[in-house]
$ cat run.cif   # mmCIF, C-alpha atoms
data_my_file
loop_
_atom_site.label_atom_id
_atom_site.label_comp_id
_atom_site.auth_asym_id
_atom_site.auth_seq_id
_atom_site.Cartn_x
_atom_site.Cartn_y
_atom_site.Cartn_z
CA MET A 1 6.25 36.51 16.71
CA ASN A 2 8.28 34.06 18.80
CA VAL A 3 11.92 33.17 18.03
CA ILE A 4 11.08 29.73 16.65
CA ALA A 5 8.43 31.04 14.23
CA ALA A 6 10.86 33.71 13.03
CA LYS A 7 13.54 31.09 12.41
CA ILE A 8 11.14 28.87 10.43
CA GLN A 9 9.82 31.79 8.35
CA LYS A 10 13.36 32.96 7.56
CA ASP A 11 14.32 29.60 6.04
CA PRO A 12 11.10 27.62 5.37
CA GLU A 13 12.71 25.20 2.92
CA SER A 14 14.82 23.78 5.75
CA PHE A 15 11.55 22.51 7.24
CA ILE A 16 9.34 21.79 4.22
CA LEU A 17 10.11 20.70 0.66
CA SER A 18 9.27 23.97 -1.07
CA THR A 19 6.95 26.97 -1.05
CA GLY A 20 5.05 25.68 -4.07
CA SER A 21 2.35 22.99 -4.20
CA ALA A 22 4.63 20.46 -2.51
CA GLY A 23 5.11 22.85 0.42
CA VAL A 24 1.38 23.30 0.94
CA ILE A 25 0.97 19.52 0.76
CA SER A 26 3.70 19.22 3.42
CA LEU A 27 1.75 21.50 5.77
CA ILE A 28 -1.41 19.43 5.29
CA ASN A 29 0.54 16.20 5.84
CA ILE A 30 2.04 17.48 9.08
CA VAL A 31 -1.43 18.19 10.48
CA LEU A 32 -2.82 14.88 9.18
CA HIS A 33 0.05 12.86 10.68
CA TRP A 34 -0.31 14.63 14.00
CA CYS A 35 -4.08 14.01 14.07
CA LEU A 36 -3.70 10.35 13.11
CA ASN A 37 -0.66 9.48 15.23
CA TRP A 38 -0.75 11.57 18.38
CA LYS A 39 -1.04 9.08 21.24
CA ASN A 40 -4.01 10.78 22.93
CA PHE A 41 -6.35 10.49 19.94
CA GLU A 42 -8.19 7.31 19.05
CA SER A 43 -8.27 6.33 15.37
CA PRO A 44 -11.00 8.35 13.66
CA ALA A 45 -13.88 6.94 11.64
CA HIS A 46 -13.81 9.96 9.34
CA VAL A 47 -11.25 12.59 8.33
CA GLU A 48 -12.32 15.51 6.12
CA VAL A 49 -9.98 17.87 4.25
CA PHE A 50 -11.41 21.11 2.75
CA ILE A 51 -9.56 23.61 0.57
CA ASN A 52 -11.74 26.73 0.39
CA GLU A 53 -11.84 29.42 -2.31
CA ASP A 54 -9.69 31.72 -0.16
CA CYS A 55 -7.07 28.90 0.12
CA ARG A 56 -8.00 28.34 3.76
CA ILE A 57 -7.38 24.68 4.63
CA CYS A 58 -9.66 22.88 7.09
CA ILE A 59 -9.07 19.38 8.51
CA MET A 60 -11.78 17.70 10.63
CA HIS A 61 -11.13 14.54 12.63
CA ASP A 62 -13.69 12.63 14.74
CA GLY A 63 -11.23 10.60 16.84
CA PHE A 64 -11.87 10.89 20.57
CA ALA A 65 -9.36 12.80 22.70
CA GLU A 66 -8.57 10.74 25.82
CA PHE A 67 -6.40 13.25 27.66
CA GLU A 68 -7.76 15.44 30.42
CA ILE A 69 -6.90 19.13 30.45
CA ALA A 70 -8.58 20.70 33.45
CA THR A 71 -6.86 24.05 34.00
CA GLU A 72 -5.76 27.08 32.00
CA LYS A 73 -2.15 26.24 32.86
CA GLU A 74 -2.49 22.73 31.43
CA TRP A 75 -4.06 24.11 28.23
CA ARG A 76 -1.25 26.62 27.84
CA ARG A 77 1.34 23.86 28.20
CA PHE A 78 -0.50 21.78 25.57
CA VAL A 79 -0.54 24.74 23.14
CA GLU A 80 3.10 25.70 23.84
CA THR A 81 4.37 22.14 23.38
CA GLN A 82 2.32 21.05 20.36
CA PHE A 83 1.81 24.28 18.38
CA ILE A 84 4.17 27.09 19.41
CA GLY A 85 7.34 25.64 20.91
CA SER A 86 8.41 28.92 22.51
CA ASN A 87 9.13 27.11 25.77
CA LEU A 88 11.68 24.86 24.05
CA ASP A 89 15.35 25.52 23.40
CA GLU A 90 16.85 25.07 19.90
CA LEU A 91 17.73 21.39 20.36
CA GLU A 92 14.32 20.59 21.81
CA ILE A 93 12.49 22.32 18.99
CA GLN A 94 14.51 20.44 16.38
CA THR A 95 13.52 17.20 18.12
CA ALA A 96 9.89 18.30 18.33
CA ILE A 97 9.74 19.30 14.68
CA GLN A 98 11.68 16.44 13.17
CA ASP A 99 12.08 12.76 13.89
CA PRO A 100 15.30 10.96 12.78
CA SER A 101 13.89 10.39 9.27
CA GLY A 102 13.37 14.15 8.83
CA VAL A 103 9.58 14.01 8.77
CA LYS A 104 7.85 16.75 10.71
CA MET A 105 5.81 15.32 13.56
CA THR A 106 4.17 18.34 15.22
CA PRO A 107 2.17 21.30 13.83
CA ILE A 108 4.76 23.86 15.05
CA VAL A 109 5.98 24.40 11.47
CA VAL A 110 2.40 24.78 10.19
CA CYS A 111 1.60 27.41 12.82
CA ALA A 112 4.78 29.37 12.03
CA LEU A 113 4.05 29.36 8.28
CA SER A 114 0.36 30.28 8.57
CA SER A 115 -1.09 33.77 8.93
CA ILE A 116 -3.98 32.26 10.92
CA PHE A 117 -4.20 28.88 12.67
CA ASP A 118 -7.49 28.03 14.42
CA PHE A 119 -7.97 25.01 16.67
CA GLU A 120 -11.18 23.71 18.17
CA MET A 121 -11.90 20.52 20.08
CA HIS A 122 -15.32 19.14 21.00
CA ARG A 123 -15.53 16.56 23.75
CA ASN A 124 -17.55 15.74 26.88
CA GLY A 125 -20.14 18.42 26.08
CA LEU A 126 -17.53 21.20 25.93
CA ARG A 127 -15.88 23.15 23.10
CA TYR A 128 -12.31 24.43 23.42
CA THR A 129 -10.84 26.95 20.97
CA PHE A 130 -7.77 29.11 20.41
CA ARG A 131 -6.16 31.06 17.54
CA LEU A 132 -2.53 31.59 16.55
CA GLU A 133 -1.23 34.25 14.16
CA ASP A 134 2.30 33.97 12.73
CA GLY A 135 3.03 31.25 15.29
CA ALA A 136 1.97 33.28 18.35
CA LEU A 137 -1.13 32.85 20.53
CA LYS A 138 -3.52 35.71 19.70
CA SER A 139 -6.74 34.70 21.47
CA ALA A 140 -7.41 33.28 24.89
CA ILE A 141 -8.04 29.56 25.17
CA THR A 142 -11.81 29.50 25.58
CA GLU A 143 -14.13 26.85 26.97
CA SER A 144 -17.86 26.83 26.24
CA ALA A 145 -20.82 24.47 26.51
CA ASP A 146 -21.46 22.36 23.42
CA GLU A 147 -23.52 19.46 22.22
CA LYS A 148 -21.95 16.10 22.98
CA LEU A 149 -19.56 15.68 20.06
CA SER A 150 -16.15 14.08 19.76
CA LYS A 151 -14.21 15.83 17.04
CA MET A 152 -11.35 18.19 16.34
CA VAL A 153 -11.22 20.91 13.68
CA ILE A 154 -7.97 22.56 12.55
CA SER A 155 -8.02 25.30 9.92
CA PHE A 156 -5.15 27.45 8.68
CA CYS A 157 -4.12 29.87 5.93
CA PRO A 158 -0.58 29.41 4.53
CA LEU A 159 1.25 32.75 4.41
CA ALA A 160 0.07 34.49 1.22
CA GLY A 161 3.39 36.22 0.55
CA LEU A 162 5.36 33.00 0.91
CA PHE A 163 3.43 30.22 -0.81
CA GLN A 164 2.83 30.17 -4.55
CA TYR A 165 0.90 27.22 -5.93
CA GLU A 166 -1.41 26.14 -8.74
CA SER A 167 -4.64 25.05 -7.11
CA PHE A 168 -5.66 22.23 -9.46
CA GLU A 169 -2.24 20.59 -9.22
CA MET A 170 -2.46 20.70 -5.44
CA GLY A 171 -5.89 19.06 -5.60
CA GLU A 172 -4.54 16.15 -7.65
CA MET A 173 -1.54 15.72 -5.34
CA LEU A 174 -3.83 15.70 -2.32
CA ARG A 175 -6.06 13.13 -3.98
CA VAL A 176 -3.13 10.73 -4.40
CA ILE A 177 -1.82 11.27 -0.86
CA LEU A 178 -5.21 10.83 0.78
CA ARG A 179 -5.79 7.63 -1.19
CA TRP A 180 -2.49 6.20 0.09
CA THR A 181 -3.25 7.33 3.64
CA ALA A 182 -6.69 5.69 3.47
CA HIS A 183 -5.04 2.38 2.58
CA LEU A 184 -2.76 2.68 5.61
CA CYS A 185 -5.63 3.59 7.96
CA SER A 186 -7.90 0.61 7.30
CA GLY A 187 -11.57 1.39 7.84
CA THR A 188 -11.18 5.19 8.15
CA LYS A 189 -13.07 7.24 5.55
CA PHE A 190 -11.16 10.18 4.06
CA SER A 191 -13.04 12.97 2.24
CA LEU A 192 -11.41 15.63 0.08
CA THR A 193 -13.23 18.77 -1.09
CA HIS A 194 -11.14 21.17 -3.18
CA LYS A 195 -13.54 24.01 -3.93
CA ILE A 196 -11.20 25.92 -6.27
CA SER A 197 -10.72 23.01 -8.69
CA LYS A 198 -14.20 21.51 -8.02
CA LEU A 199 -12.57 18.25 -6.93
CA GLU A 200 -14.44 15.95 -4.53
CA GLU A 201 -13.19 12.49 -3.57
CA GLU A 202 -13.86 9.91 -0.88
CA PHE A 203 -11.63 6.96 0.06
CA CYS A 204 -12.09 4.09 2.48
CA PHE A 205 -10.35 0.69 2.32
CA GLU A 206 -10.95 -2.24 4.64
CA ASN A 207 -8.07 -4.42 3.41
CA GLY A 208 -5.22 -2.07 4.27
CA SER A 209 -1.79 -3.02 2.92
CA TRP A 210 -3.29 -5.85 0.85
CA SER A 211 -5.42 -3.43 -1.19
CA TYR A 212 -2.51 -0.95 -1.39
CA LEU A 213 -0.27 -3.62 -2.92
CA THR A 214 -3.03 -4.79 -5.28
CA ASP A 215 -3.43 -1.20 -6.54
CA ARG A 216 0.30 -0.63 -7.00
CA CYS A 217 0.84 -3.90 -8.88
CA SER A 218 -2.36 -4.00 -10.96
CA SER A 219 -0.55 -3.53 -14.30
CA LEU A 220 2.46 -5.75 -13.58
CA ASP A 221 3.06 -9.48 -14.15
CA LYS A 222 3.04 -11.57 -10.98
CA ILE A 223 5.32 -14.55 -10.41
CA SER A 224 3.86 -15.33 -7.00
CA SER A 225 0.59 -14.95 -5.14
CA ILE A 226 0.16 -12.17 -2.56
CA PHE A 227 0.91 -13.31 0.96
CA GLY A 228 0.84 -11.47 4.25
CA GLU A 229 -0.63 -11.12 7.69
CA ASP A 230 -2.13 -8.59 10.10
CA PHE A 231 -0.84 -8.77 13.67
CA VAL A 232 -1.90 -6.74 16.71
CA SER A 233 -0.27 -7.05 20.13
CA ASP A 234 0.90 -4.72 22.92
CA GLU A 235 -0.45 -1.64 21.10
CA THR A 236 1.61 -2.49 18.01
CA CYS A 237 -0.13 -3.26 14.72
CA VAL A 238 1.76 -4.82 11.80
CA GLU A 239 0.14 -5.11 8.36
CA PHE A 240 2.27 -6.97 5.85
CA SER A 241 1.65 -7.97 2.21
CA ALA A 242 4.18 -9.05 -0.42
CA GLN A 243 4.63 -10.81 -3.76
CA TRP A 244 7.24 -11.16 -6.51
CA LEU A 245 6.82 -9.42 -9.85
CA PHE A 246 8.35 -9.68 -13.31
CA PRO A 247 9.72 -7.64 -14.90
CA PHE A 248 11.23 -5.35 -12.29
CA SER A 249 9.32 -2.05 -12.33
CA GLU A 250 11.22 1.22 -12.07
CA SER A 251 7.94 2.91 -11.12
CA PHE A 252 8.61 1.81 -7.54
CA GLY A 253 11.89 3.73 -7.47
CA HIS A 254 15.02 2.06 -6.11
CA SER A 255 12.96 -0.54 -4.27
CA GLN A 256 9.51 -2.03 -4.77
CA LEU A 257 9.09 -2.53 -1.02
CA HIS A 258 7.26 0.29 0.79
CA CYS A 259 7.67 0.38 4.58
CA PHE A 260 5.74 2.74 6.85
CA ILE A 261 6.06 3.43 10.57
CA ASP A 262 3.11 5.44 11.90
CA LEU A 263 2.24 6.49 8.32
CA VAL A 264 5.75 7.84 7.65
CA GLU A 265 7.55 6.01 4.84
CA ILE A 266 10.98 4.63 5.69
CA GLU A 267 13.64 5.64 3.17
CA SER A 268 14.79 2.88 0.82
CA GLY A 269 18.30 1.74 1.71
CA SER A 270 18.04 2.84 5.34
CA PRO A 271 18.94 0.31 8.08
CA GLU A 272 15.24 -0.03 8.98
CA HIS A 273 14.25 -0.69 5.38
CA LEU A 274 17.02 -3.26 4.90
CA LEU A 275 16.01 -5.06 8.12
CA ILE A 276 12.45 -5.54 6.86
CA GLU A 277 13.63 -6.45 3.34
CA GLN A 278 16.03 -9.06 4.65
CA SER A 279 13.38 -10.49 6.98
CA ILE A 280 11.43 -11.57 3.90
CA THR A 281 14.16 -12.51 1.46
CA ALA A 282 16.45 -14.35 3.89
CA VAL A 283 13.64 -16.70 4.94
CA VAL A 284 12.49 -17.39 1.39
CA ASN A 285 16.04 -17.87 0.20
CA ASP A 286 16.62 -20.30 3.05
CA VAL A 287 13.54 -22.37 2.12
CA LEU A 288 14.40 -22.13 -1.58
CA VAL A 289 17.90 -23.52 -1.07
CA LYS A 290 17.27 -26.04 1.69
CA GLU A 291 13.95 -27.50 0.59
CA LEU A 292 13.95 -27.17 -3.18
CA TYR A 293 17.54 -27.19 -4.35
CA PRO A 294 19.79 -28.65 -1.64
CA ALA A 295 22.52 -29.36 -4.21
CA SER A 296 22.70 -25.72 -5.28
CA ALA A 297 23.31 -24.23 -1.84
CA GLN A 298 26.21 -22.23 -3.27
CA HIS A 299 23.75 -20.00 -5.15
CA ASP A 300 22.69 -16.88 -3.30
CA PHE A 301 19.54 -15.28 -4.69
CA LYS A 302 19.00 -12.72 -1.93
CA LYS A 303 19.89 -9.71 -4.05
CA LEU A 304 17.73 -10.82 -6.97
CA LEU A 305 14.88 -11.70 -4.66
CA ARG A 306 14.97 -8.17 -3.27
CA ASN A 307 14.96 -6.64 -6.75
CA PHE A 308 11.81 -8.53 -7.76
CA LEU A 309 10.02 -8.20 -4.43
CA ALA A 310 7.01 -5.88 -4.11
CA GLY A 311 5.48 -5.32 -0.72
CA VAL A 312 3.83 -3.00 1.77
CA VAL A 313 4.70 -3.08 5.47
CA ASN A 314 2.66 -0.80 7.72
CA ILE A 315 3.66 -0.61 11.41
CA ARG A 316 1.60 1.41 13.89
CA GLY A 317 1.50 1.60 17.66
CA ALA A 318 2.63 3.31 20.82
CA SER A 319 5.76 1.25 21.51
CA LEU A 320 9.30 2.44 20.85
CA ARG A 321 10.55 2.57 17.26
CA ARG A 322 13.08 -0.24 17.77
CA ALA A 323 10.48 -2.47 19.41
CA LYS A 324 8.11 -1.87 16.48
CA LEU A 325 10.76 -2.90 13.98
CA ASP A 326 11.73 -6.01 15.94
CA LYS A 327 8.08 -7.05 16.24
CA ALA A 328 7.49 -6.41 12.54
CA SER A 329 10.59 -8.37 11.59
CA THR A 330 9.41 -11.37 13.63
CA VAL A 331 5.91 -11.27 12.11
CA ILE A 332 7.32 -10.95 8.58
CA MET A 333 9.78 -13.82 9.03
CA GLU A 334 7.13 -16.14 10.46
CA THR A 335 4.63 -15.24 7.72
CA SER A 336 7.22 -15.59 4.95
CA ARG A 337 8.33 -19.00 6.22
CA LYS A 338 4.75 -20.31 6.40
CA TRP A 339 4.03 -19.03 2.91
CA ALA A 340 7.26 -20.40 1.41
CA GLN A 341 6.76 -23.86 2.93
CA SER A 342 3.17 -24.12 1.67
CA ASN A 343 3.70 -22.55 -1.78
CA LEU A 344 6.55 -24.52 -3.28
CA GLU A 345 5.19 -24.15 -6.83
CA ASP A 346 5.38 -20.38 -6.55
CA LEU A 347 8.91 -20.68 -5.22
CA LYS A 348 9.93 -22.89 -8.13
CA ARG A 349 8.56 -20.32 -10.58
CA ILE A 350 10.41 -17.50 -8.79
CA ASP A 351 13.60 -19.55 -8.85
CA GLU A 352 13.29 -20.28 -12.58
CA VAL A 353 12.75 -16.61 -13.42
CA LEU A 354 15.67 -15.50 -11.28
CA ARG A 355 18.00 -18.10 -12.76
CA ALA A 356 17.07 -17.08 -16.29
CA PHE A 357 17.44 -13.40 -15.44
CA SER A 358 20.87 -13.89 -13.86
CA GLN A 359 22.36 -15.69 -16.87
#
$ encode --input "run.cif" --output "structure tokens"
Amino acid sequence: MNVIAAKIQKDPESFILSTGSAGVISLINIVLHWCLNWKNFESPAHVEVFINEDCRICIMHDGFAEFEIATEKEWRRFVETQFIGSNLDELEIQTAIQDPSGVKMTPIVVCALSSIFDFEMHRNGLRYTFRLEDGALKSAITESADEKLSKMVISFCPLAGLFQYESFEMGEMLRVILRWTAHLCSGTKFSLTHKISKLEEEFCFENGSWSYLTDRCSSLDKISSIFGEDFVSDETCVEFSAQWLFPFSESFGHSQLHCFIDLVEIESGSPEHLLIEQSITAVVNDVLVKELYPASAQHDFKKLLRNFLAGVVNIRGASLRRAKLDKASTVIMETSRKWAQSNLEDLKRIDEVLRAFSQ
């Protein structure tokens, strides 16, 4: 066992939420996020998640791998960097495992907390495989002839002595998470087969954040129509949908606005979350005051607007995090301004509700 795997196994809850159902879900999410976000994989048409009777977890992904690995040395570097981390010092491994929001971005943690971790990739008529045990490479990286497929298969067994979980509960949790992920990956089909609890589900949504918001707000009263826009430029995709609801719903937590960067949700109250929130509310407040009620410019409804706002912002792409946020903020401000200027009746209704609520 390498030093990094030993460190993770000694204190697993520093890297995942728990060693119960939530911990197993965390391991699956790490692999899913890596498969869906790693820059060398194209977006898949289909992702399959299997939980077998022996609790072995298998994730299949048909996105095409663009990178070229021609030599044994290059393969070893790929495995060391993405799955083992033994060539990294402590600071580098912390960076590899966690991004600034604390979400694990590589499978290093999964490999360290699995008794067996098998990887296989099919591309260009070849099949590449390797196996890790307790975070260490146990089989040679093999290359063999294969039919012309483009897919990747990752399967792993969480450490039996470490993880305790109730299988049916995990199946239901996975169902919810895969449904959300399917919304955020428009057009990709997600299949879940949980053989222990006999649960089988399939999700695929073409309308992305729009359908996500419609689902989340289906039982709530609307005081505006849904508005939003999809924008793609310079490898950055921004999906944005929003509307105002009444009454305020605590089911959304502290905020009703959900913001995702590369499928990872931004924490409510963080600088990134506030930037996106203010991009919507500042514009609408500006139109509300200047175009509808010029005499009441002393009233500031920004805080109330944020409390009643429901929305989904999904940002994906290969550009830097700051650039993504700046691009998203511009798209959101332009979309909000267009909507506010062409939907004055909705704005009047929002204003009336907010005034009544604030009295």
$ resolve_selection --input "run.cif" --expression "the PyMOL selection byres ((chain A and resi 29) around 12)" --output "JSON, numbers by chain"
{"A": [16, 17, 22, 23, 24, 25, 26, 27, 28, 30, 31, 32, 33, 34, 35, 36, 37, 49, 57, 59, 103, 104, 105, 106, 107, 109, 110, 173, 174, 177, 178, 180, 181, 263, 264]}
$ closest_residue --input "run.cif" --among "A:Glu143, A:Glu206, A:Asp262, A:Asp346" --to "Ala45 (chain A)" --atoms "all atoms listed in the file"
A:Glu206
$ atom_distance --input "run.cif" --atom1 "CA of His122 (chain A)" --atom2 "CA of Thr236 (chain A)"
27.6 Å
$ atom_distance --input "run.cif" --atom1 "CA of Leu245 (chain A)" --atom2 "CA of Cys185 (chain A)"
25.3 Å
$ atom_distance --input "run.cif" --atom1 "CA of Glu74 (chain A)" --atom2 "CA of Val47 (chain A)"
26.7 Å
$ resolve_selection --input "run.cif" --expression "the PyMOL selection byres ((chain A and resi 340-343) around 9)" --output "MDAnalysis selection string"
chainID A and resid 224:225 283:284 287:288 291 335:339 344:348
